[in-house]
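Engineer: One file: data_36.csv (CSV, C-alpha atoms).
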chain,number,residue,atom,x,y,z
Z,14,MET,CA,-25.0,9.8,-8.2
Z,15,ALA,CA,-21.7,8.2,-7.5
Z,16,SER,CA,-21.3,6.4,-4.3
Z,17,ALA,CA,-18.6,7.7,-1.9
Z,18,ASP,CA,-17.1,4.2,-1.8
Z,19,SER,CA,-15.2,3.7,-5.0
Z,20,ASP,CA,-15.5,-0.1,-4.7
Z,21,THR,CA,-19.2,-0.2,-4.6
Z,22,GLN,CA,-19.9,2.2,-7.5
Z,23,PRO,CA,-22.9,1.1,-9.5
Z,24,THR,CA,-20.8,1.2,-12.6
Z,25,GLU,CA,-19.3,-1.4,-14.9
Z,26,ALA,CA,-17.9,-4.3,-12.9
Z,27,ILE,CA,-14.2,-4.9,-13.0
Z,28,PRO,CA,-13.3,-8.4,-14.1
Z,29,HIS,CA,-11.5,-10.9,-11.9
Z,30,ALA,CA,-7.9,-11.3,-12.9
Z,31,VAL,CA,-6.0,-14.6,-12.5
Z,32,LYS,CA,-2.5,-15.7,-13.5
Z,33,ILE,CA,-0.5,-18.6,-14.5
Z,34,ILE,CA,3.3,-18.7,-14.3
Z,35,VAL,CA,5.4,-20.1,-17.2
Z,36,ALA,CA,8.8,-21.1,-15.8
Z,37,GLY,CA,11.9,-22.7,-17.2
Z,38,GLY,CA,15.5,-21.9,-18.0
Z,39,LEU,CA,16.7,-19.2,-20.4
Z,40,GLY,CA,15.8,-20.2,-24.0
Z,41,ALA,CA,13.3,-23.0,-22.9
Z,42,GLY,CA,10.6,-21.2,-24.9
Z,43,LYS,CA,8.6,-19.4,-22.2
Z,44,THR,CA,7.9,-16.3,-24.3
Z,45,THR,CA,7.2,-18.5,-27.3
Z,46,LEU,CA,4.5,-20.4,-25.4
Z,47,VAL,CA,3.0,-17.2,-24.0
Z,48,SER,CA,2.9,-15.6,-27.5
Z,49,SER,CA,1.3,-18.6,-29.1
Z,50,VAL,CA,-1.8,-18.4,-26.9
Z,51,SER,CA,-1.9,-14.7,-25.9
Z,52,GLU,CA,-4.4,-12.4,-27.5
Z,53,ILE,CA,-1.8,-9.6,-27.4
Z,54,ALA,CA,1.8,-9.7,-28.5
Z,55,PRO,CA,3.7,-10.4,-25.2
Z,56,LEU,CA,4.4,-7.3,-23.3
Z,57,SER,CA,7.5,-6.7,-21.2
Z,58,THR,CA,7.4,-4.8,-17.9
Z,59,GLU,CA,10.3,-4.0,-15.5
Z,60,GLU,CA,10.7,-4.2,-11.8
Z,61,LEU,CA,13.4,-2.2,-10.2
Z,62,MET,CA,15.7,-3.7,-7.6
Z,63,THR,CA,17.2,-0.8,-5.6
Z,64,GLU,CA,17.8,-2.3,-2.2
Z,65,ALA,CA,20.3,-4.8,-1.0
Z,66,SER,CA,17.7,-6.2,1.4
Z,67,TYR,CA,16.6,-8.8,-1.1
Z,68,GLY,CA,19.8,-10.6,-0.3
Z,69,VAL,CA,20.3,-11.4,-4.0
Z,70,ASP,CA,22.9,-8.9,-5.0
Z,71,ASP,CA,25.5,-7.9,-2.5
Z,72,LEU,CA,25.8,-4.1,-2.7
Z,73,GLY,CA,27.7,-3.8,0.5
Z,74,GLY,CA,30.5,-1.2,0.3
Z,75,VAL,CA,29.2,0.2,-3.0
Z,76,GLU,CA,28.8,4.0,-2.6
Z,77,ASP,CA,26.5,4.6,-5.6
Z,78,LYS,CA,23.6,2.4,-5.1
Z,79,THR,CA,22.8,0.8,-8.5
Z,80,THR,CA,19.4,0.0,-9.8
Z,81,THR,CA,18.9,-3.3,-11.4
Z,82,THR,CA,16.0,-4.0,-13.7
Z,83,VAL,CA,14.3,-7.3,-14.0
Z,84,ALA,CA,12.2,-7.8,-17.2
Z,85,LEU,CA,9.0,-9.8,-16.9
Z,86,ASP,CA,7.2,-10.9,-20.1
Z,87,PHE,CA,3.5,-11.6,-20.1
Z,88,GLY,CA,0.5,-12.2,-22.2
Z,89,ARG,CA,-3.3,-12.1,-21.8
Z,90,ILE,CA,-6.3,-14.2,-22.5
Z,91,THR,CA,-9.7,-12.8,-22.0
Z,92,ILE,CA,-11.7,-15.8,-20.7
Z,93,SER,CA,-15.1,-14.0,-20.4
Z,94,LYS,CA,-16.4,-10.6,-19.5
Z,95,ASP,CA,-15.8,-11.5,-15.9
Z,96,ILE,CA,-12.4,-13.2,-16.0
Z,97,VAL,CA,-9.0,-12.2,-17.5
Z,98,LEU,CA,-6.1,-14.7,-17.5
Z,99,TYR,CA,-2.5,-13.4,-17.5
Z,100,LEU,CA,0.4,-15.6,-18.4
Z,101,PHE,CA,3.7,-14.5,-16.8
Z,102,GLY,CA,7.1,-15.8,-17.8
Z,103,THR,CA,9.6,-16.0,-15.0
Z,104,PRO,CA,12.9,-14.2,-15.2
Z,105,GLY,CA,15.4,-16.7,-16.5
Z,106,GLN,CA,18.2,-16.0,-14.1
Z,107,ASP,CA,18.6,-17.4,-10.6
Z,108,ARG,CA,19.6,-14.1,-9.2
Z,109,PHE,CA,16.0,-12.8,-9.7
Z,110,TRP,CA,14.5,-15.3,-7.3
Z,111,PHE,CA,12.8,-12.5,-5.4
Z,112,MET,CA,10.5,-11.9,-8.3
Z,113,TRP,CA,9.3,-15.5,-8.2
Z,114,GLU,CA,7.8,-14.9,-4.9
Z,115,GLU,CA,5.7,-12.1,-6.2
Z,116,LEU,CA,4.8,-14.0,-9.3
Z,117,ALA,CA,3.7,-17.1,-7.4
Z,118,GLU,CA,1.5,-15.1,-5.0
Z,119,GLY,CA,-2.0,-15.9,-5.8
Z,120,ALA,CA,-1.2,-17.7,-9.0
Z,121,LEU,CA,-3.5,-20.5,-10.1
Z,122,GLY,CA,-0.7,-22.8,-11.1
Z,123,ALA,CA,2.5,-23.0,-13.2
Z,124,VAL,CA,3.9,-24.5,-16.3
Z,125,VAL,CA,7.5,-25.7,-16.1
Z,126,LEU,CA,8.9,-25.7,-19.6
Z,127,ALA,CA,11.6,-28.3,-19.9
Z,128,ASP,CA,14.3,-28.4,-22.6
Z,129,THR,CA,15.5,-31.9,-22.7
Z,130,ARG,CA,18.9,-30.7,-23.8
Z,131,ARG,CA,19.3,-28.9,-20.5
Z,132,LEU,CA,16.9,-30.5,-18.1
Z,133,ASP,CA,18.9,-29.3,-15.1
Z,134,THR,CA,17.7,-25.7,-15.9
Z,135,CYS,CA,14.2,-26.5,-14.6
Z,136,PHE,CA,15.2,-28.2,-11.3
Z,137,HIS,CA,14.9,-24.9,-9.5
Z,138,ALA,CA,11.5,-24.3,-10.8
Z,139,VAL,CA,10.2,-27.7,-9.9
Z,140,ASP,CA,11.7,-27.3,-6.3
Z,141,PHE,CA,10.2,-23.9,-6.0
Z,142,PHE,CA,6.6,-24.9,-6.9
Z,143,GLU,CA,6.8,-28.1,-4.8
Z,144,ARG,CA,7.8,-26.1,-1.8
Z,145,ARG,CA,5.0,-23.6,-2.3
Z,146,ASN,CA,2.5,-26.3,-3.0
Z,147,LEU,CA,1.6,-24.6,-6.2
Z,148,PRO,CA,0.1,-27.0,-8.7
Z,149,PHE,CA,2.3,-27.3,-11.8
Z,150,VAL,CA,2.7,-29.4,-15.0
Z,151,VAL,CA,5.9,-30.1,-16.8
Z,152,ALA,CA,5.7,-29.4,-20.5
Z,153,VAL,CA,8.6,-30.9,-22.5
Z,154,ASN,CA,9.2,-28.4,-25.3
Z,155,ARG,CA,10.4,-30.2,-28.5
Z,156,PHE,CA,13.5,-28.8,-30.0
Z,157,GLU,CA,14.8,-29.9,-33.3
Z,158,GLY,CA,18.0,-32.0,-32.9
Z,159,ALA,CA,17.2,-32.9,-29.3
Z,160,THR,CA,16.9,-36.5,-28.4
Z,161,ALA,CA,13.3,-37.5,-27.9
Z,162,TYR,CA,12.7,-38.8,-24.4
Z,163,SER,CA,9.6,-40.5,-23.1
Z,164,GLU,CA,7.3,-38.9,-20.6
Z,165,GLU,CA,8.5,-41.5,-18.1
Z,166,GLU,CA,12.2,-40.7,-18.7
Z,167,VAL,CA,11.5,-37.0,-18.1
Z,168,ARG,CA,9.4,-37.7,-15.0
Z,169,GLU,CA,12.2,-39.8,-13.6
Z,170,ALA,CA,15.0,-37.3,-14.4
Z,171,LEU,CA,13.1,-34.5,-12.8
Z,172,ASP,CA,11.9,-36.6,-9.9
Z,173,VAL,CA,8.3,-35.3,-9.9
Z,174,SER,CA,5.5,-37.1,-8.3
Z,175,ALA,CA,3.2,-39.3,-10.3
Z,176,SER,CA,0.3,-36.9,-9.9
Z,177,VAL,CA,2.2,-34.1,-11.8
Z,178,PRO,CA,1.2,-34.2,-15.5
Z,179,VAL,CA,4.2,-34.4,-17.9
Z,180,VAL,CA,3.1,-33.3,-21.4
Z,181,MET,CA,5.0,-33.2,-24.7
Z,182,ALA,CA,4.6,-29.8,-26.3
Z,183,ASP,CA,5.6,-27.6,-29.1
Z,184,ALA,CA,5.5,-24.1,-27.7
Z,185,ARG,CA,5.3,-22.6,-31.2
Z,186,GLU,CA,2.0,-24.3,-31.9
Z,187,ARG,CA,-1.1,-22.6,-30.4
Z,188,MET,CA,-3.0,-25.8,-30.1
Z,189,SER,CA,-0.1,-27.5,-28.3
Z,190,SER,CA,0.3,-24.6,-25.9
Z,191,LYS,CA,-3.4,-24.6,-25.4
Z,192,GLU,CA,-3.3,-28.3,-24.5
Z,193,VAL,CA,-0.6,-27.6,-21.9
Z,194,LEU,CA,-2.8,-25.0,-20.2
Z,195,VAL,CA,-5.8,-27.3,-20.3
Z,196,GLN,CA,-3.7,-30.0,-18.6
Z,197,LEU,CA,-2.6,-27.5,-16.0
Z,198,VAL,CA,-6.0,-26.1,-15.1
Z,199,SER,CA,-7.5,-29.6,-15.0
Z,200,HIS,CA,-4.6,-30.6,-12.7
Z,201,VAL,CA,-5.3,-27.5,-10.5
Z,202,LEU,CA,-9.0,-28.5,-10.3
Z,203,ARG,CA,-8.0,-32.0,-9.2
Z,204,SER,CA,-5.5,-30.8,-6.7
Z,205,ARG,CA,-8.1,-28.5,-5.2
Z,206,GLN,CA,-10.6,-31.4,-4.9
Z,207,ALA,CA,-7.9,-33.4,-3.2
Z,208,ALA,CA,-7.1,-30.5,-0.8
Z,209,LEU,CA,-10.8,-30.1,0.1
Z,210,SER,CA,-11.4,-33.8,0.7
Z,211,GLY,CA,-8.1,-34.5,2.3
C,14,MET,CA,35.0,-6.2,-16.8
C,15,THR,CA,33.0,-4.2,-14.3
C,16,ALA,CA,30.8,-2.3,-16.8
C,17,PRO,CA,27.2,-3.3,-16.6
C,18,ARG,CA,25.9,-5.4,-19.4
C,19,GLY,CA,23.8,-3.6,-22.0
C,20,ARG,CA,20.2,-4.5,-22.6
C,21,GLY,CA,21.2,-6.2,-25.8
C,22,PRO,CA,20.0,-5.3,-29.3
C,23,GLY,CA,16.2,-5.2,-29.9
C,24,THR,CA,15.2,-4.2,-26.3
C,25,PRO,CA,16.3,-0.5,-25.9
C,26,TRP,CA,15.3,1.3,-22.8
C,27,ALA,CA,12.9,3.8,-24.3
C,28,GLY,CA,13.3,6.3,-21.5
C,29,GLY,CA,9.8,6.0,-20.0
C,30,ARG,CA,7.3,8.8,-20.1
C,31,GLY,CA,4.8,8.0,-22.6
C,32,HIS,CA,6.3,6.2,-25.5
C,33,PRO,CA,5.1,2.7,-25.8
C,34,ARG,CA,7.7,0.1,-25.2
C,35,THR,CA,8.8,-2.0,-28.1
C,36,GLU,CA,7.0,-5.3,-27.7
C,37,VAL,CA,9.1,-8.4,-27.3
C,38,GLU,CA,10.1,-9.9,-30.5
C,39,ARG,CA,7.9,-12.9,-30.9
C,40,GLY,CA,9.5,-16.1,-29.7
C,41,THR,CA,13.1,-15.0,-29.9
C,42,ALA,CA,13.7,-12.5,-27.2
C,43,PRO,CA,15.8,-13.6,-24.3
C,44,VAL,CA,13.9,-13.2,-21.1
C,45,GLY,CA,15.0,-11.3,-18.0
C,46,ASP,CA,18.6,-10.9,-18.8
C,47,SER,CA,19.0,-7.2,-18.6
C,48,THR,CA,21.1,-6.0,-15.7
C,49,ALA,CA,22.1,-2.5,-16.8
C,50,GLY,CA,20.5,0.4,-14.9
C,51,PRO,CA,18.1,2.8,-16.6
C,52,LEU,CA,19.3,5.9,-18.2
C,53,VAL,CA,16.8,8.2,-16.5
C,54,ARG,CA,16.3,8.3,-12.8
C,55,PRO,CA,13.2,6.3,-12.4
C,56,TYR,CA,11.8,8.0,-9.3
C,57,THR,CA,11.8,11.5,-10.8
C,58,MET,CA,8.1,11.3,-11.7
C,59,THR,CA,7.2,10.1,-8.3
C,60,LYS,CA,9.0,13.0,-6.6
C,61,GLY,CA,11.4,10.6,-5.1
C,62,ARG,CA,8.9,8.3,-3.6
C,63,THR,CA,9.7,4.6,-4.0
C,64,ARG,CA,6.6,3.4,-2.1
C,65,PRO,CA,3.0,4.2,-2.5
C,66,ASP,CA,1.6,6.7,0.0
C,67,SER,CA,-1.5,4.6,0.7
C,68,ASP,CA,-3.4,1.7,-0.8
C,69,GLY,CA,-0.4,0.5,-2.8
C,70,GLY,CA,-0.4,-2.8,-0.8
C,71,ARG,CA,-3.3,-4.1,-2.8
C,72,LEU,CA,-1.7,-3.3,-6.2
C,73,ASP,CA,-0.2,-6.5,-7.3
C,74,LEU,CA,0.9,-7.4,-10.9
C,75,ILE,CA,-2.6,-8.3,-12.0
C,76,THR,CA,-4.7,-5.9,-10.0
C,77,LEU,CA,-7.1,-4.3,-12.6
C,78,VAL,CA,-7.6,-0.6,-12.4
C,79,VAL,CA,-10.1,1.5,-14.3
C,80,THR,CA,-10.6,5.2,-14.7
C,81,VAL,CA,-13.6,6.7,-12.9
C,82,ALA,CA,-15.8,8.2,-15.5
C,83,ASP,CA,-17.1,11.1,-13.5
C,84,ARG,CA,-13.8,12.1,-12.0
C,85,GLU,CA,-13.1,15.6,-10.8
C,86,ASP,CA,-12.0,18.1,-13.5
C,87,ARG,CA,-8.6,19.4,-12.6
C,88,THR,CA,-5.0,19.7,-13.9
C,89,ARG,CA,-3.0,16.5,-13.3
C,90,GLU,CA,0.6,15.5,-14.0
C,91,PRO,CA,1.1,14.3,-17.5
C,92,GLU,CA,1.9,10.7,-16.4
C,93,HIS,CA,-1.2,10.6,-14.3
C,94,GLU,CA,-3.2,11.8,-17.4
C,95,ALA,CA,-1.5,9.1,-19.5
C,96,ILE,CA,-2.6,6.4,-17.0
C,97,LEU,CA,-6.2,7.7,-16.9
C,98,ARG,CA,-6.3,7.6,-20.8
C,99,LEU,CA,-5.0,4.1,-20.9
C,100,CYS,CA,-7.3,2.8,-18.2
C,101,CYS,CA,-10.6,3.8,-19.8
C,102,LYS,CA,-11.1,0.0,-19.8
C,103,PRO,CA,-9.9,-2.2,-16.9
C,104,VAL,CA,-6.1,-2.7,-17.3
C,105,SER,CA,-3.7,-4.6,-15.1
C,106,VAL,CA,-0.9,-2.9,-13.1
C,107,ALA,CA,1.6,-4.9,-15.2
C,108,GLU,CA,0.1,-3.8,-18.4
C,109,VAL,CA,0.1,-0.1,-17.3
C,110,SER,CA,3.8,-0.5,-16.6
C,111,ALA,CA,4.5,-2.2,-19.9
C,112,ARG,CA,2.4,0.1,-22.1
C,113,LEU,CA,3.7,3.3,-20.6
C,114,ASP,CA,7.2,2.0,-20.2
C,115,VAL,CA,7.4,2.9,-16.6
C,116,PRO,CA,8.9,0.4,-14.1
C,117,LEU,CA,6.4,-1.4,-11.9
C,118,THR,CA,7.7,0.2,-8.7
C,119,VAL,CA,7.0,3.7,-10.1
C,120,VAL,CA,3.7,2.7,-11.6
C,121,ARG,CA,2.5,1.5,-8.2
C,122,VAL,CA,3.2,4.9,-6.7
C,123,LEU,CA,1.5,6.8,-9.5
C,124,LEU,CA,-1.6,4.4,-9.4
C,125,SER,CA,-1.9,4.8,-5.6
C,126,ASP,CA,-1.9,8.6,-6.1
C,127,LEU,CA,-4.8,8.3,-8.5
C,128,LEU,CA,-6.7,5.8,-6.3
C,129,ALA,CA,-6.3,8.2,-3.3
C,130,GLN,CA,-7.6,11.1,-5.4
C,131,GLY,CA,-10.6,9.0,-6.5
C,132,ASP,CA,-9.6,9.1,-10.2
C,133,LEU,CA,-9.2,5.3,-10.5
C,134,ARG,CA,-11.0,2.4,-8.9
C,135,THR,CA,-9.9,-1.1,-8.5
C,136,ARG,CA,-11.5,-4.4,-7.6
C,137,VAL,CA,-11.1,-5.6,-4.1
C,138,ALA,CA,-8.5,-8.4,-4.3
C,139,ALA,CA,-9.3,-11.8,-2.9
C,140,PRO,CA,-6.9,-12.9,-0.2
C,141,VAL,CA,-4.0,-14.5,-1.9
C,142,THR,CA,-4.0,-17.4,0.6
C,143,LYS,CA,-7.5,-18.4,-0.5
C,144,LEU,CA,-7.8,-21.3,-2.9
C,145,PRO,CA,-9.2,-20.1,-6.2
C,146,GLU,CA,-12.9,-20.7,-6.4
C,147,LYS,CA,-13.9,-23.8,-8.3
C,148,LYS,CA,-16.3,-21.9,-10.5
C,149,VAL,CA,-13.5,-19.5,-11.5
C,150,LEU,CA,-11.1,-22.4,-12.3
C,151,GLN,CA,-13.9,-24.2,-14.3
C,152,ALA,CA,-14.5,-21.0,-16.3
C,153,VAL,CA,-10.8,-20.6,-17.0
C,154,LEU,CA,-10.6,-24.2,-18.2
C,155,ASP,CA,-13.6,-23.7,-20.5
C,156,GLY,CA,-12.2,-20.4,-21.8
C,157,ILE,CA,-8.9,-22.0,-22.6
C,158,ARG,CA,-10.6,-24.9,-24.4
C,159,ARG,CA,-12.4,-22.4,-26.6
C,160,LEU,CA,-9.0,-21.0,-27.8
Spit out the file's structure as structure tokens when you get a sec.

Structural biologist:
Amino acid sequence: MASADSDTQPTEAIPHAVKIIVAGGLGAGKTTLVSSVSEIAPLSTEELMTEASYGVDDLGGVEDKTTTTVALDFGRITISKDIVLYLFGTPGQDRFWFMWEELAEGALGAVVLADTRRLDTCFHAVDFFERRNLPFVVAVNRFEGATAYSEEEVREALDVSASVPVVMADARERMSSKEVLVQLVSHVLRSRQAALSG
Amino acid sequence: MTAPRGRGPGTPWAGGRGHPRTEVERGTAPVGDSTAGPLVRPYTMTKGRTRPDSDGGRLDLITLVVTVADREDRTREPEHEAILRLCCKPVSVAEVSARLDVPLTVVRVLLSDLLAQGDLRTRVAAPVTKLPEKKVLQAVLDGIRRL
């Protein structure tokens, strides 16, 4: 007989879902990284923005309220029968900041994908995660034709603390993307230890 | 130019209601740059509601929902039926939205209807302020290493 409380039904347990955010400027390779490790081809979902209250788009004086859609791309990795990991790419435009709050809520950590040709495009992401105390790593995506910078040069340019891992990556390569995630989750574990003992 | 920008080639708005959304072209699709409004009024299938009646607060992007096996036998709206078919295994809210090509805001309303009717169940979410458990993090790390 089924229990009246749907959460305590003696049926198959629902796995625990966790998420990691993949941030970076437009064209930094977020979807490429997600697709290289995801078990499904990345999916795209849409959030509607219908109210001016977000303070992002000024709709004042506009008679017909317009609806803006924000696309979010994500992938999935089944960790075990109890845990599912989702990887969410951030919307690439600054005007969709309100989505970042929702994405960051409850996230394990974040990857900031840096394109050394346009390092400034990831300043916002670095600021955002630092302010929220969300552990992150910087993954420098290699692009052909881009000048190769050392980890130290990138760290200095982005002004991230010494505890933040900076890793060189090729988002097209599954093993490379996997290594980025390994670095991130290891860093999250270390940060957690520090938070508990500090 | 005041006309809204189009969604760009390769990512057409499929109109919602049942047809699976074209998946993002691997590696090449621009992310989050669509600003044009949808061609169908998105809240038609929620009868104008933009917020869940109840329980919607716990439906975040990765909340997993699953269809209750011994649910009541009754006639339901087609979009409710589509969700129940999709969620025979646990599926995240974001995935329901993507696979049915229905915006997240709308999906949350539809899912909360189904939860209220006892057709779906969900896992009680951990408080978002809580640090992830060490054993969960370790399991995630081990799982990624196995990739």

Engineer: Would you pick out the contacts of Glu146 (chain C) at 10 Å or less, using all atoms listed in the file, so that residues sharing its chain but fewer than 4 positions from it are not included, and give the list as a list in words?

Structural biologist: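 Here the qualifying residues turn out to be Leu202 and Arg205 of chain Z; Leu150 and Gln151 of chain C.
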
Engineer: Enter the distance from CA of Ala170 (chain Z) to CA of Thr129 (chain Z), in Å, rounded to one decimal.

Structural biologist: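 Interatomic distance, CA of Ala170 (chain Z) to CA of Thr129 (chain Z): 9.9 Å.
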
Engineer: Taking only residues of chain Z that have an atom at most 6 Å from an atom of chain C, what is each one's shortest atom pair and its distance in Å to one decimal, using all atoms listed in the file, in chain and number order, as a Markdown table?

Structural biologist:
| residue | atom | partner | partner_atom | distance |
| --- | --- | --- | --- | --- |
| Z:Ser19 | CA | C:Arg134 | CA | 5.9 |
| Z:Thr44 | CA | C:Gly40 | CA | 5.6 |
| Z:Thr45 | CA | C:Gly40 | CA | 4.1 |
| Z:Leu56 | CA | C:Glu36 | CA | 5.5 |
| Z:Ser57 | CA | C:Ala111 | CA | 5.6 |
| Z:Thr58 | CA | C:Ala111 | CA | 4.4 |
| Z:Glu59 | CA | C:Pro116 | CA | 4.8 |
| Z:Glu60 | CA | C:Leu117 | CA | 5.1 |
| Z:Thr80 | CA | C:Gly50 | CA | 5.2 |
| Z:Thr81 | CA | C:Gly50 | CA | 5.3 |
| Z:Thr82 | CA | C:Thr48 | CA | 5.8 |
| Z:Val83 | CA | C:Gly45 | CA | 5.7 |
| Z:Ala84 | CA | C:Gly45 | CA | 4.6 |
| Z:Ile92 | CA | C:Gly156 | CA | 4.8 |
| Z:Pro104 | CA | C:Gly45 | CA | 4.5 |
| Z:Gly105 | CA | C:Gly45 | CA | 5.6 |
| Z:Gly119 | CA | C:Val141 | CA | 4.6 |
| Z:Val198 | CA | C:Leu154 | CA | 5.9 |

Engineer: With a distance cut-off of 10 Å and all atoms listed in the file, select the neighbouring residues of region 144-157 of chain Z, excluding the residue or stretch itself and same-chain residues fewer than 5 positions from it, and output the selection as a ChimeraX atom specification.

Structural biologist: /Z:33-37,41-43,46,114,117-130,132,135,138-139,162-164,167-168,171,173,176-185,189-190,192-194,196-198,200-205

Engineer: Work out how far CA of Phe87 (chain Z) is from CA of Asp133 (chain Z), in Å to one decimal.

Structural biologist: 24.0 Å

Engineer: Distance CA of Ser174 (chain Z)-CA of Thr134 (chain Z), one decimal place?

Structural biologist: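 Rounded to one decimal, the two atoms are 18.3 Å apart.
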
Engineer: Of the candidates C:Arg121, C:His93, C:Arg87, C:Arg98, which one gets nearest to Leu72 (chain C) if we count all atoms listed in the file?

Structural biologist: C:Arg121
